[in-house]
Amino acid sequence: MAGAPLSADQIESHNAARLEALQDEYDSLGRALARRGVAIDAIKARVGAFSVATPTWGSGRGGTRFAKFPIPGEPTNIHEKLEDCAVVQQLGRATPRVSPHFPWDHVSDYKALREEAAELGLGFDAVNSNTFQDQPGQPHSYRNGSLSATDAGVRAQAVEHNIDCIRIGEELGSKALTVWVGDGTNFPGQQDLGASLDRYLEAAAEIYAALPGDWRMLLEHKMYEPAFYSTVISDWGSSILAAQQLGPKAKCLVDLGHHAPNVNIEQIVARLHRFGKLGGFHFNDSKYGDDDLDSGSINPHQLFLVFNELVEAELSPRDGFDPAYMIDQSHNVTDPIESMLSSAEAIVGAYAKALIVDREALHAAQAANDTMLAFQALRQAYRTDVTPILAMARMEAGGAAEPIFAYRDSGWRERKAQERRPVGLGAGIV
Ligand code: LRH
Ligand code: MN
Ligand code: MN
């Protein structure tokens, strides 16, 4: 790969030292899966073809509203963020695209940025707009909302920003705009709940009208935060209604952290797919709310169940089923590169487990109302350690057998700590 950030020789010798053991584990798992009628090489091929985008904003250390604790060598601009995302891709081989956020990733020349990313082996995924923060020099404030604001000037500014994001995305080679607004209220009576949705829909339609023919507009819902009494696009119900009203290019994006506690997210996935409106994911994990913890770190079973629905959806596609997969995490206490490597592996691993579910047995048990055997079909797949499949797929694509160890050995962060300017202390991002 031209311009790859790490030495290919280092990855090769890392792999050479592990190949024999890995081959042994892969062959043993292959025999076990063959006895279940599953061809391991076919699963490896599907795993190798799967990808998930990394968030540019996840490559720096995040924080909470209390504090942010930067690490030496973390990226300070979009160029350095791309470099770090390229490290994640070079070692993990599951994250060939980055999802940018504007204006956080603003540059003056987007064509050059696209070339710079391509040199690093990266492309661009969905662009994310930001009308949840005020920017220096901006005429109107979003303190009272953006697309749903009562002030027409504020709404027009928010629409224009989203259209600017589309134009930037076209230069970058993106095909989708993700719209999440922080609009909502903190007090009963603060706003008319119906009228604010009307204003949102009208403004969103102006953005929709500016979408190129082959683009999608991904509506991201969130139940609370920063608004704590109501949010305008609070749940998948509001999201699908808005997407249906806007038109076929509008789809719903499911951020795993944006739901009520204990809600059945896999069922939401199935519902959105049923109506052809499943547009994409922001993967993360959570214990309490929109924690933005690493994917699969708290509830890996839920991640598996989500992928189980996605594999079912692949088998019965509706309306061009092709969801955009992205990570959306805040790495507050880890090296973001390590968190993205670990998260990508958790996501791909959940997909691999879903692929090895004995679907025939599952569907037969469902038809016969045999609850326990239906559950066992899922359980058997979930219990399977798919690590050798993931490692082999990665290695065959030029990545590392054990990406986090290869990353540590590369000394990347220590080197960057010498080269990059230190990040100031301060509050985190959302
Ligand atoms: C909102 C959100 C949304 C933003 C990102 C930074 O909580 O999930 O996707 O764009 O965080
Ligand atoms: Mn999100
Ligand atoms: Mn979020």
# chains A, B, ... in the order shown; residues from 1 in each chain; ligands from 1
>>> select_by_dssp(residues="stretch 61-133 of chain A", states="alpha helix (DSSP H)", output="list in words")
Ile78, His79, Glu80, Lys81, Leu82, Glu83, Asp84, Cys85, Ala86, Val87, Val88, Gln89, Gln90, Leu91, Gly92, Tyr110, Lys111, Ala112, Leu113, Arg114, Glu115, Glu116, Ala117, Ala118 and Glu119 of chain A
>>> residues_near_ligand(ligand="ligand 3", cutoff="8 Å", atoms="only C-alpha atoms and all ligand atoms", output="PyMOL selection string")
chain A and resi 222+255+257-258+290-292+328-329+430
>>> closest_atom_pairs(of="chain A", to="ligand 2", cutoff="12 Å", atoms="only C-alpha atoms and all ligand atoms", output="tab-separated table")
residue	atom	partner	partner_atom_place_in_ligand_line	distance
A:Thr54	CA	ligand 2	1 (Mn)	11.9
A:Pro55	CA	ligand 2	1 (Mn)	9.7
A:Trp57	CA	ligand 2	1 (Mn)	11.0
A:Gly58	CA	ligand 2	1 (Mn)	11.1
A:Ser99	CA	ligand 2	1 (Mn)	11.1
A:His101	CA	ligand 2	1 (Mn)	11.0
A:Ala126	CA	ligand 2	1 (Mn)	11.8
A:Val127	CA	ligand 2	1 (Mn)	11.9
A:Asn128	CA	ligand 2	1 (Mn)	9.3
A:Ser129	CA	ligand 2	1 (Mn)	11.2
A:Asn130	CA	ligand 2	1 (Mn)	11.4
A:Thr178	CA	ligand 2	1 (Mn)	9.0
A:Val179	CA	ligand 2	1 (Mn)	9.4
A:Trp180	CA	ligand 2	1 (Mn)	7.5
A:Val181	CA	ligand 2	1 (Mn)	10.4
A:Gly182	CA	ligand 2	1 (Mn)	11.2
A:Leu218	CA	ligand 2	1 (Mn)	10.9
A:Leu219	CA	ligand 2	1 (Mn)	10.2
A:Glu220	CA	ligand 2	1 (Mn)	7.0
A:His221	CA	ligand 2	1 (Mn)	8.5
A:Lys222	CA	ligand 2	1 (Mn)	8.4
A:Met223	CA	ligand 2	1 (Mn)	11.8
A:Glu225	CA	ligand 2	1 (Mn)	11.8
A:Cys252	CA	ligand 2	1 (Mn)	11.8
A:Leu253	CA	ligand 2	1 (Mn)	8.4
A:Val254	CA	ligand 2	1 (Mn)	7.9
A:Asp255	CA	ligand 2	1 (Mn)	5.1
A:Leu256	CA	ligand 2	1 (Mn)	8.0
A:Gly257	CA	ligand 2	1 (Mn)	7.7
A:His258	CA	ligand 2	1 (Mn)	7.7
A:His259	CA	ligand 2	1 (Mn)	11.3
A:Gly280	CA	ligand 2	1 (Mn)	10.4
A:Phe281	CA	ligand 2	1 (Mn)	8.1
A:His282	CA	ligand 2	1 (Mn)	5.2
A:Phe283	CA	ligand 2	1 (Mn)	7.9
A:Asn284	CA	ligand 2	1 (Mn)	8.6
A:Asp285	CA	ligand 2	1 (Mn)	11.3
A:Asp290	CA	ligand 2	1 (Mn)	8.7
A:Asp291	CA	ligand 2	1 (Mn)	10.7
A:Asp292	CA	ligand 2	1 (Mn)	8.5
A:Leu293	CA	ligand 2	1 (Mn)	11.8
A:Tyr325	CA	ligand 2	1 (Mn)	11.2
A:Met326	CA	ligand 2	1 (Mn)	8.8
A:Ile327	CA	ligand 2	1 (Mn)	8.2
A:Asp328	CA	ligand 2	1 (Mn)	5.4
A:Gln329	CA	ligand 2	1 (Mn)	8.0
A:Ser330	CA	ligand 2	1 (Mn)	10.3
A:Val430	CA	ligand 2	1 (Mn)	10.0
>>> write_last_selection(atoms="C-alpha atoms", output="PDB file, in the first residue's frame")
ATOM      1  CA  THR A  54     -14.093   4.756  11.649  1.00  0.00           C
ATOM      2  CA  PRO A  55     -15.145   8.188  12.984  1.00  0.00           C
ATOM      3  CA  TRP A  57     -13.710  12.323  15.889  1.00  0.00           C
ATOM      4  CA  GLY A  58     -12.957   8.988  17.569  1.00  0.00           C
ATOM      5  CA  SER A  99     -16.707   9.118   8.475  1.00  0.00           C
ATOM      6  CA  HIS A 101     -17.730  15.457  10.861  1.00  0.00           C
ATOM      7  CA  ALA A 126     -21.063   9.240   5.365  1.00  0.00           C
ATOM      8  CA  VAL A 127     -20.488  12.899   6.222  1.00  0.00           C
ATOM      9  CA  ASN A 128     -21.906  14.106   9.535  1.00  0.00           C
ATOM     10  CA  SER A 129     -23.265  17.613   9.961  1.00  0.00           C
ATOM     11  CA  ASN A 130     -23.069  19.540  13.207  1.00  0.00           C
ATOM     12  CA  THR A 178     -25.944  11.704   8.531  1.00  0.00           C
ATOM     13  CA  VAL A 179     -28.147  14.230  10.292  1.00  0.00           C
ATOM     14  CA  TRP A 180     -28.371  14.236  14.050  1.00  0.00           C
ATOM     15  CA  VAL A 181     -29.781  17.329  15.734  1.00  0.00           C
ATOM     16  CA  GLY A 182     -29.597  18.125  19.421  1.00  0.00           C
ATOM     17  CA  LEU A 218     -29.496   9.097   7.323  1.00  0.00           C
ATOM     18  CA  LEU A 219     -31.686  10.341  10.154  1.00  0.00           C
ATOM     19  CA  GLU A 220     -30.171   9.590  13.551  1.00  0.00           C
ATOM     20  CA  HIS A 221     -32.556   9.569  16.481  1.00  0.00           C
ATOM     21  CA  LYS A 222     -31.646  10.022  20.129  1.00  0.00           C
ATOM     22  CA  MET A 223     -33.923   9.873  23.118  1.00  0.00           C
ATOM     23  CA  GLU A 225     -29.107  14.595  25.714  1.00  0.00           C
ATOM     24  CA  CYS A 252     -32.967   5.672   9.631  1.00  0.00           C
ATOM     25  CA  LEU A 253     -29.637   5.384  11.408  1.00  0.00           C
ATOM     26  CA  VAL A 254     -29.457   3.360  14.605  1.00  0.00           C
ATOM     27  CA  ASP A 255     -26.872   4.532  17.124  1.00  0.00           C
ATOM     28  CA  LEU A 256     -26.722   1.741  19.683  1.00  0.00           C
ATOM     29  CA  GLY A 257     -26.459   4.200  22.574  1.00  0.00           C
ATOM     30  CA  HIS A 258     -29.481   6.336  21.712  1.00  0.00           C
ATOM     31  CA  HIS A 259     -32.346   4.254  23.078  1.00  0.00           C
ATOM     32  CA  GLY A 280     -27.054   2.625   8.921  1.00  0.00           C
ATOM     33  CA  PHE A 281     -25.503   2.159  12.335  1.00  0.00           C
ATOM     34  CA  HIS A 282     -23.351   3.998  14.765  1.00  0.00           C
ATOM     35  CA  PHE A 283     -21.728   1.197  16.723  1.00  0.00           C
ATOM     36  CA  ASN A 284     -20.746   1.649  20.335  1.00  0.00           C
ATOM     37  CA  ASP A 285     -21.720   0.123  23.648  1.00  0.00           C
ATOM     38  CA  ASP A 290     -25.196   7.369  25.311  1.00  0.00           C
ATOM     39  CA  ASP A 291     -21.947   6.301  26.962  1.00  0.00           C
ATOM     40  CA  ASP A 292     -20.083   5.827  23.650  1.00  0.00           C
ATOM     41  CA  LEU A 293     -18.096   2.943  25.141  1.00  0.00           C
ATOM     42  CA  TYR A 325     -21.790   0.731   9.198  1.00  0.00           C
ATOM     43  CA  MET A 326     -19.874   3.227  11.294  1.00  0.00           C
ATOM     44  CA  ILE A 327     -18.255   3.294  14.702  1.00  0.00           C
ATOM     45  CA  ASP A 328     -19.280   6.213  16.934  1.00  0.00           C
ATOM     46  CA  GLN A 329     -17.348   6.103  20.179  1.00  0.00           C
ATOM     47  CA  SER A 330     -15.628   8.420  22.594  1.00  0.00           C
ATOM     48  CA  VAL A 430     -20.292  15.604  23.050  1.00  0.00           C
TER      49      VAL A 430
END
>>> residues_around(residues="A:Asn186", least_positions_apart="6", cutoff="12 Å", atoms="only C-alpha atoms", output="list in words")
Asn144, Gly145, Tyr224, Glu225, Pro226, Ala227, Phe228, Tyr229, Ser230, Thr231 and Val232 of chain A
>>> residues_around(residues="stretch 388-398 of chain A", least_positions_apart="3", cutoff="6 Å", atoms="only C-alpha atoms", output="ChimeraX atom specification")
/A:26,44,48,93,401
>>> write_last_selection(atoms="C-alpha atoms", output="PDB file, in the first residue's frame")
ATOM      1  CA  TYR A  26      -8.060 -22.236  12.231  1.00  0.00           C
ATOM      2  CA  LYS A  44     -13.727 -16.102   6.198  1.00  0.00           C
ATOM      3  CA  GLY A  48     -13.028 -10.333   4.640  1.00  0.00           C
ATOM      4  CA  ARG A  93      -8.229  -4.440   7.576  1.00  0.00           C
ATOM      5  CA  ALA A 401      -2.733 -11.437  13.441  1.00  0.00           C
TER       6      ALA A 401
END
>>> residues_around(residues="stretch 241-244 of chain A", least_positions_apart="6", cutoff="10 Å", atoms="only C-alpha atoms", output="compact mmCIF listing (two decimals) with N, CA and C atoms, in the first residue's frame")
# COMPACT_ATOMS: atom_id res chain seq x y z
N LEU A 197 -41.78 19.45 15.40
CA LEU A 197 -41.54 18.38 14.41
C LEU A 197 -41.89 18.89 13.01
N ASP A 198 -42.95 19.66 12.90
CA ASP A 198 -43.31 20.24 11.58
C ASP A 198 -42.17 21.08 11.03
N TYR A 200 -39.02 20.89 11.81
CA TYR A 200 -37.90 19.98 11.46
C TYR A 200 -38.15 19.36 10.09
N LEU A 201 -39.36 18.86 9.89
CA LEU A 201 -39.66 18.16 8.63
C LEU A 201 -39.52 19.09 7.43
N ALA A 204 -35.80 19.68 6.96
CA ALA A 204 -35.14 18.44 6.48
C ALA A 204 -35.47 18.21 5.01
N ALA A 205 -36.68 18.61 4.60
CA ALA A 205 -37.07 18.43 3.19
C ALA A 205 -36.21 19.30 2.28
N MET A 217 -29.89 10.12 2.88
CA MET A 217 -29.88 11.00 4.05
C MET A 217 -30.22 10.11 5.24
N LEU A 218 -29.31 10.00 6.19
CA LEU A 218 -29.50 9.10 7.32
C LEU A 218 -29.95 9.91 8.53
N LEU A 219 -31.14 9.61 9.01
CA LEU A 219 -31.69 10.34 10.15
C LEU A 219 -31.34 9.58 11.43
N ILE A 233 -36.32 14.32 17.26
CA ILE A 233 -36.28 12.98 16.66
C ILE A 233 -35.80 12.05 17.77
N ALA A 250 -34.25 8.88 2.13
CA ALA A 250 -34.11 9.09 3.57
C ALA A 250 -34.27 7.75 4.29
N LYS A 251 -33.30 7.46 5.16
CA LYS A 251 -33.32 6.19 5.91
C LYS A 251 -33.01 6.49 7.37
N CYS A 252 -33.20 5.49 8.20
CA CYS A 252 -32.97 5.67 9.63
C CYS A 252 -31.60 5.12 10.03
N PHE A 275 -39.61 -2.24 6.74
CA PHE A 275 -40.20 -1.15 5.97
C PHE A 275 -39.18 -0.45 5.06
N GLY A 276 -38.06 -1.14 4.80
CA GLY A 276 -37.05 -0.63 3.86
C GLY A 276 -36.39 0.65 4.32
N LYS A 277 -36.32 0.87 5.63
CA LYS A 277 -35.79 2.15 6.11
C LYS A 277 -34.55 2.01 6.98
>>> closest_residue(among="A:Asp183, A:Asp84, A:Glu360, A:Asp370", to="ligand 1", atoms="only C-alpha atoms and all ligand atoms")
A:Asp183
>>> closest_residue(among="A:Pro103, A:Pro212, A:Leu315, A:Val159", to="ligand 1", atoms="only C-alpha atoms and all ligand atoms")
A:Pro103
>>> closest_residue(among="A:Asp151, A:Ala381, A:Gly63, A:Gly424", to="ligand 1", atoms="only C-alpha atoms and all ligand atoms")
A:Gly63
>>> select_by_dssp(residues="stretch 207-366 of chain A", states="strand (DSSP E or B)", output="PyMOL selection string")
chain A and resi 216-220+230-231+250-255+278-283+285+293+324-327+331
>>> residues_around(residues="stretch 189-196 of chain A", least_positions_apart="5", cutoff="8 Å", atoms="only C-alpha atoms", output="list in words")
Ser148, Ala149, Thr150 and Val232 of chain A
>>> write_last_selection(atoms="N, CA and C atoms", output="PDB file, in the first residue's frame")
ATOM      1  N   SER A 148     -35.301  22.619  13.855  1.00  0.00           N
ATOM      2  CA  SER A 148     -36.663  22.815  14.382  1.00  0.00           C
ATOM      3  C   SER A 148     -36.814  24.159  15.076  1.00  0.00           C
ATOM      4  N   ALA A 149     -35.798  25.012  14.997  1.00  0.00           N
ATOM      5  CA  ALA A 149     -35.846  26.279  15.740  1.00  0.00           C
ATOM      6  C   ALA A 149     -37.054  27.118  15.320  1.00  0.00           C
ATOM      7  N   THR A 150     -37.551  27.919  16.222  1.00  0.00           N
ATOM      8  CA  THR A 150     -38.680  28.790  15.887  1.00  0.00           C
ATOM      9  C   THR A 150     -38.232  29.920  14.957  1.00  0.00           C
ATOM     10  N   VAL A 232     -36.557  16.169  19.386  1.00  0.00           N
ATOM     11  CA  VAL A 232     -37.455  16.248  18.237  1.00  0.00           C
ATOM     12  C   VAL A 232     -37.496  14.915  17.488  1.00  0.00           C
TER      13      VAL A 232
END
>>> residues_around(residues="A:His301", least_positions_apart="4", cutoff="9 Å", atoms="only C-alpha atoms", output="number ranges by chain")
A: 296, 305-306, 350, 382
>>> atom_distance(atom1="atom CA of A:Gly279", atom2="atom CA of A:Pro248")
10.7 Å
>>> closest_residue(among="A:Phe102, A:Phe124, A:Trp215, A:Phe50", to="ligand 1", atoms="only C-alpha atoms and all ligand atoms")
A:Phe102
>>> closest_residue(among="A:Leu341, A:Arg274, A:Ala53, A:Glu202", to="A:Ala406", atoms="only C-alpha atoms")
A:Leu341
>>> atom_distance(atom1="atom CA of A:Pro300", atom2="atom CA of A:Tyr288")
15.2 Å
>>> atom_distance(atom1="atom CA of A:Ala354", atom2="atom CA of A:Leu310")
8.4 Å
>>> closest_residue(among="A:Pro70, A:Gln133, A:Phe187, A:Ser108", to="A:Pro422", atoms="only C-alpha atoms")
A:Pro70
>>> decode(residues="stretch 78-218 of chain A", atoms="C-alpha atoms", output="PDB file, in the first residue's frame")
ATOM      1  CA  ILE A  78      -7.828  16.036  10.231  1.00  0.00           C
ATOM      2  CA  HIS A  79      -4.524  15.098   8.559  1.00  0.00           C
ATOM      3  CA  GLU A  80      -3.232  13.433  11.708  1.00  0.00           C
ATOM      4  CA  LYS A  81      -6.650  11.848  12.328  1.00  0.00           C
ATOM      5  CA  LEU A  82      -6.504  10.282   8.878  1.00  0.00           C
ATOM      6  CA  GLU A  83      -3.035   8.928   9.618  1.00  0.00           C
ATOM      7  CA  ASP A  84      -4.297   7.248  12.788  1.00  0.00           C
ATOM      8  CA  CYS A  85      -7.359   5.831  11.003  1.00  0.00           C
ATOM      9  CA  ALA A  86      -4.926   4.482   8.393  1.00  0.00           C
ATOM     10  CA  VAL A  87      -3.008   2.676  11.135  1.00  0.00           C
ATOM     11  CA  VAL A  88      -6.279   1.079  12.259  1.00  0.00           C
ATOM     12  CA  GLN A  89      -6.989  -0.011   8.700  1.00  0.00           C
ATOM     13  CA  GLN A  90      -3.469  -1.233   8.011  1.00  0.00           C
ATOM     14  CA  LEU A  91      -3.470  -3.505  11.055  1.00  0.00           C
ATOM     15  CA  GLY A  92      -7.143  -4.482  11.246  1.00  0.00           C
ATOM     16  CA  ARG A  93      -8.229  -4.440   7.576  1.00  0.00           C
ATOM     17  CA  ALA A  94     -11.888  -3.936   8.428  1.00  0.00           C
ATOM     18  CA  THR A  95     -12.047  -0.127   8.356  1.00  0.00           C
ATOM     19  CA  PRO A  96     -11.160   1.168   4.876  1.00  0.00           C
ATOM     20  CA  ARG A  97     -13.304   4.328   5.133  1.00  0.00           C
ATOM     21  CA  VAL A  98     -13.574   7.210   7.572  1.00  0.00           C
ATOM     22  CA  SER A  99     -16.707   9.118   8.475  1.00  0.00           C
ATOM     23  CA  PRO A 100     -15.915  12.852   8.756  1.00  0.00           C
ATOM     24  CA  HIS A 101     -17.730  15.457  10.861  1.00  0.00           C
ATOM     25  CA  PHE A 102     -18.106  19.104   9.823  1.00  0.00           C
ATOM     26  CA  PRO A 103     -17.002  21.700  10.677  1.00  0.00           C
ATOM     27  CA  TRP A 104     -14.679  19.728  12.984  1.00  0.00           C
ATOM     28  CA  ASP A 105     -12.796  18.363   9.943  1.00  0.00           C
ATOM     29  CA  HIS A 106     -12.910  21.542   7.872  1.00  0.00           C
ATOM     30  CA  VAL A 107     -10.065  22.126   5.371  1.00  0.00           C
ATOM     31  CA  SER A 108      -9.750  24.517   2.450  1.00  0.00           C
ATOM     32  CA  ASP A 109      -9.129  21.867  -0.218  1.00  0.00           C
ATOM     33  CA  TYR A 110     -11.293  18.736  -0.067  1.00  0.00           C
ATOM     34  CA  LYS A 111      -9.999  17.292  -3.330  1.00  0.00           C
ATOM     35  CA  ALA A 112      -6.519  17.297  -1.834  1.00  0.00           C
ATOM     36  CA  LEU A 113      -7.904  15.724   1.345  1.00  0.00           C
ATOM     37  CA  ARG A 114      -9.468  12.929  -0.663  1.00  0.00           C
ATOM     38  CA  GLU A 115      -6.127  12.262  -2.369  1.00  0.00           C
ATOM     39  CA  GLU A 116      -4.316  12.384   0.932  1.00  0.00           C
ATOM     40  CA  ALA A 117      -6.723   9.769   2.337  1.00  0.00           C
ATOM     41  CA  ALA A 118      -6.371   7.585  -0.772  1.00  0.00           C
ATOM     42  CA  GLU A 119      -2.582   7.687  -0.384  1.00  0.00           C
ATOM     43  CA  LEU A 120      -3.096   6.313   3.112  1.00  0.00           C
ATOM     44  CA  GLY A 121      -5.398   3.577   1.782  1.00  0.00           C
ATOM     45  CA  LEU A 122      -8.620   5.262   2.971  1.00  0.00           C
ATOM     46  CA  GLY A 123     -11.863   6.475   1.434  1.00  0.00           C
ATOM     47  CA  PHE A 124     -14.703   8.512   2.940  1.00  0.00           C
ATOM     48  CA  ASP A 125     -17.995   7.229   4.307  1.00  0.00           C
ATOM     49  CA  ALA A 126     -21.063   9.240   5.365  1.00  0.00           C
ATOM     50  CA  VAL A 127     -20.488  12.899   6.222  1.00  0.00           C
ATOM     51  CA  ASN A 128     -21.906  14.106   9.535  1.00  0.00           C
ATOM     52  CA  SER A 129     -23.265  17.613   9.961  1.00  0.00           C
ATOM     53  CA  ASN A 130     -23.069  19.540  13.207  1.00  0.00           C
ATOM     54  CA  THR A 131     -25.836  21.928  14.168  1.00  0.00           C
ATOM     55  CA  PHE A 132     -25.594  21.037  17.834  1.00  0.00           C
ATOM     56  CA  GLN A 133     -22.755  23.449  18.587  1.00  0.00           C
ATOM     57  CA  ASP A 134     -22.152  27.076  17.706  1.00  0.00           C
ATOM     58  CA  GLN A 135     -19.147  27.877  15.573  1.00  0.00           C
ATOM     59  CA  PRO A 136     -17.048  31.042  15.683  1.00  0.00           C
ATOM     60  CA  GLY A 137     -18.339  33.747  13.357  1.00  0.00           C
ATOM     61  CA  GLN A 138     -21.695  32.069  12.736  1.00  0.00           C
ATOM     62  CA  PRO A 139     -24.532  34.633  12.579  1.00  0.00           C
ATOM     63  CA  HIS A 140     -27.177  32.612  14.470  1.00  0.00           C
ATOM     64  CA  SER A 141     -26.926  30.496  17.619  1.00  0.00           C
ATOM     65  CA  TYR A 142     -28.301  26.957  17.942  1.00  0.00           C
ATOM     66  CA  ARG A 143     -29.077  27.524  21.606  1.00  0.00           C
ATOM     67  CA  ASN A 144     -32.793  27.145  20.840  1.00  0.00           C
ATOM     68  CA  GLY A 145     -32.451  24.370  18.298  1.00  0.00           C
ATOM     69  CA  SER A 146     -31.435  24.126  14.664  1.00  0.00           C
ATOM     70  CA  LEU A 147     -33.665  22.465  12.057  1.00  0.00           C
ATOM     71  CA  SER A 148     -36.663  22.815  14.382  1.00  0.00           C
ATOM     72  CA  ALA A 149     -35.846  26.279  15.740  1.00  0.00           C
ATOM     73  CA  THR A 150     -38.680  28.790  15.887  1.00  0.00           C
ATOM     74  CA  ASP A 151     -36.436  31.393  14.230  1.00  0.00           C
ATOM     75  CA  ALA A 152     -36.472  31.009  10.436  1.00  0.00           C
ATOM     76  CA  GLY A 153     -32.960  32.457  10.159  1.00  0.00           C
ATOM     77  CA  VAL A 154     -31.577  29.732  12.431  1.00  0.00           C
ATOM     78  CA  ARG A 155     -33.327  27.041  10.419  1.00  0.00           C
ATOM     79  CA  ALA A 156     -31.987  28.462   7.160  1.00  0.00           C
ATOM     80  CA  GLN A 157     -28.448  28.497   8.562  1.00  0.00           C
ATOM     81  CA  ALA A 158     -28.781  24.860   9.684  1.00  0.00           C
ATOM     82  CA  VAL A 159     -30.151  23.823   6.282  1.00  0.00           C
ATOM     83  CA  GLU A 160     -27.320  25.626   4.540  1.00  0.00           C
ATOM     84  CA  HIS A 161     -24.720  23.909   6.714  1.00  0.00           C
ATOM     85  CA  ASN A 162     -26.174  20.505   5.825  1.00  0.00           C
ATOM     86  CA  ILE A 163     -26.133  21.388   2.130  1.00  0.00           C
ATOM     87  CA  ASP A 164     -22.510  22.512   2.490  1.00  0.00           C
ATOM     88  CA  CYS A 165     -21.779  19.097   4.028  1.00  0.00           C
ATOM     89  CA  ILE A 166     -23.327  17.398   0.985  1.00  0.00           C
ATOM     90  CA  ARG A 167     -21.147  19.464  -1.342  1.00  0.00           C
ATOM     91  CA  ILE A 168     -18.035  18.627   0.699  1.00  0.00           C
ATOM     92  CA  GLY A 169     -19.065  14.975   0.722  1.00  0.00           C
ATOM     93  CA  GLU A 170     -19.345  14.982  -3.064  1.00  0.00           C
ATOM     94  CA  GLU A 171     -15.752  16.155  -3.289  1.00  0.00           C
ATOM     95  CA  LEU A 172     -14.681  13.486  -0.830  1.00  0.00           C
ATOM     96  CA  GLY A 173     -16.529  10.659  -2.580  1.00  0.00           C
ATOM     97  CA  SER A 174     -19.128  10.124   0.160  1.00  0.00           C
ATOM     98  CA  LYS A 175     -22.612   8.878  -0.628  1.00  0.00           C
ATOM     99  CA  ALA A 176     -24.556   9.760   2.511  1.00  0.00           C
ATOM    100  CA  LEU A 177     -25.269  12.588   4.908  1.00  0.00           C
ATOM    101  CA  THR A 178     -25.944  11.704   8.531  1.00  0.00           C
ATOM    102  CA  VAL A 179     -28.147  14.230  10.292  1.00  0.00           C
ATOM    103  CA  TRP A 180     -28.371  14.236  14.050  1.00  0.00           C
ATOM    104  CA  VAL A 181     -29.781  17.329  15.734  1.00  0.00           C
ATOM    105  CA  GLY A 182     -29.597  18.125  19.421  1.00  0.00           C
ATOM    106  CA  ASP A 183     -32.961  19.898  19.158  1.00  0.00           C
ATOM    107  CA  GLY A 184     -35.373  19.352  22.005  1.00  0.00           C
ATOM    108  CA  THR A 185     -36.598  20.746  25.280  1.00  0.00           C
ATOM    109  CA  ASN A 186     -35.763  20.621  28.973  1.00  0.00           C
ATOM    110  CA  PHE A 187     -39.126  21.729  30.362  1.00  0.00           C
ATOM    111  CA  PRO A 188     -42.699  20.648  29.789  1.00  0.00           C
ATOM    112  CA  GLY A 189     -44.382  23.401  27.823  1.00  0.00           C
ATOM    113  CA  GLN A 190     -41.069  24.811  26.552  1.00  0.00           C
ATOM    114  CA  GLN A 191     -42.051  24.088  22.957  1.00  0.00           C
ATOM    115  CA  ASP A 192     -45.043  22.843  21.021  1.00  0.00           C
ATOM    116  CA  LEU A 193     -44.162  19.178  20.458  1.00  0.00           C
ATOM    117  CA  GLY A 194     -46.098  18.953  17.181  1.00  0.00           C
ATOM    118  CA  ALA A 195     -45.038  22.283  15.699  1.00  0.00           C
ATOM    119  CA  SER A 196     -41.338  21.653  16.347  1.00  0.00           C
ATOM    120  CA  LEU A 197     -41.540  18.385  14.413  1.00  0.00           C
ATOM    121  CA  ASP A 198     -43.311  20.239  11.579  1.00  0.00           C
ATOM    122  CA  ARG A 199     -40.498  22.771  11.435  1.00  0.00           C
ATOM    123  CA  TYR A 200     -37.902  19.977  11.464  1.00  0.00           C
ATOM    124  CA  LEU A 201     -39.661  18.159   8.629  1.00  0.00           C
ATOM    125  CA  GLU A 202     -39.885  21.280   6.505  1.00  0.00           C
ATOM    126  CA  ALA A 203     -36.189  22.074   6.989  1.00  0.00           C
ATOM    127  CA  ALA A 204     -35.136  18.445   6.484  1.00  0.00           C
ATOM    128  CA  ALA A 205     -37.067  18.432   3.187  1.00  0.00           C
ATOM    129  CA  GLU A 206     -34.914  21.317   1.946  1.00  0.00           C
ATOM    130  CA  ILE A 207     -31.787  19.278   2.724  1.00  0.00           C
ATOM    131  CA  TYR A 208     -33.323  16.213   1.111  1.00  0.00           C
ATOM    132  CA  ALA A 209     -34.003  18.206  -2.049  1.00  0.00           C
ATOM    133  CA  ALA A 210     -30.276  18.983  -2.320  1.00  0.00           C
ATOM    134  CA  LEU A 211     -29.191  15.318  -2.202  1.00  0.00           C
ATOM    135  CA  PRO A 212     -27.503  13.974  -5.338  1.00  0.00           C
ATOM    136  CA  GLY A 213     -29.401  11.115  -7.011  1.00  0.00           C
ATOM    137  CA  ASP A 214     -27.264   8.322  -5.558  1.00  0.00           C
ATOM    138  CA  TRP A 215     -27.065   9.740  -2.031  1.00  0.00           C
ATOM    139  CA  ARG A 216     -28.906   8.817   1.135  1.00  0.00           C
ATOM    140  CA  MET A 217     -29.884  11.002   4.054  1.00  0.00           C
ATOM    141  CA  LEU A 218     -29.496   9.097   7.323  1.00  0.00           C
TER     142      LEU A 218
END
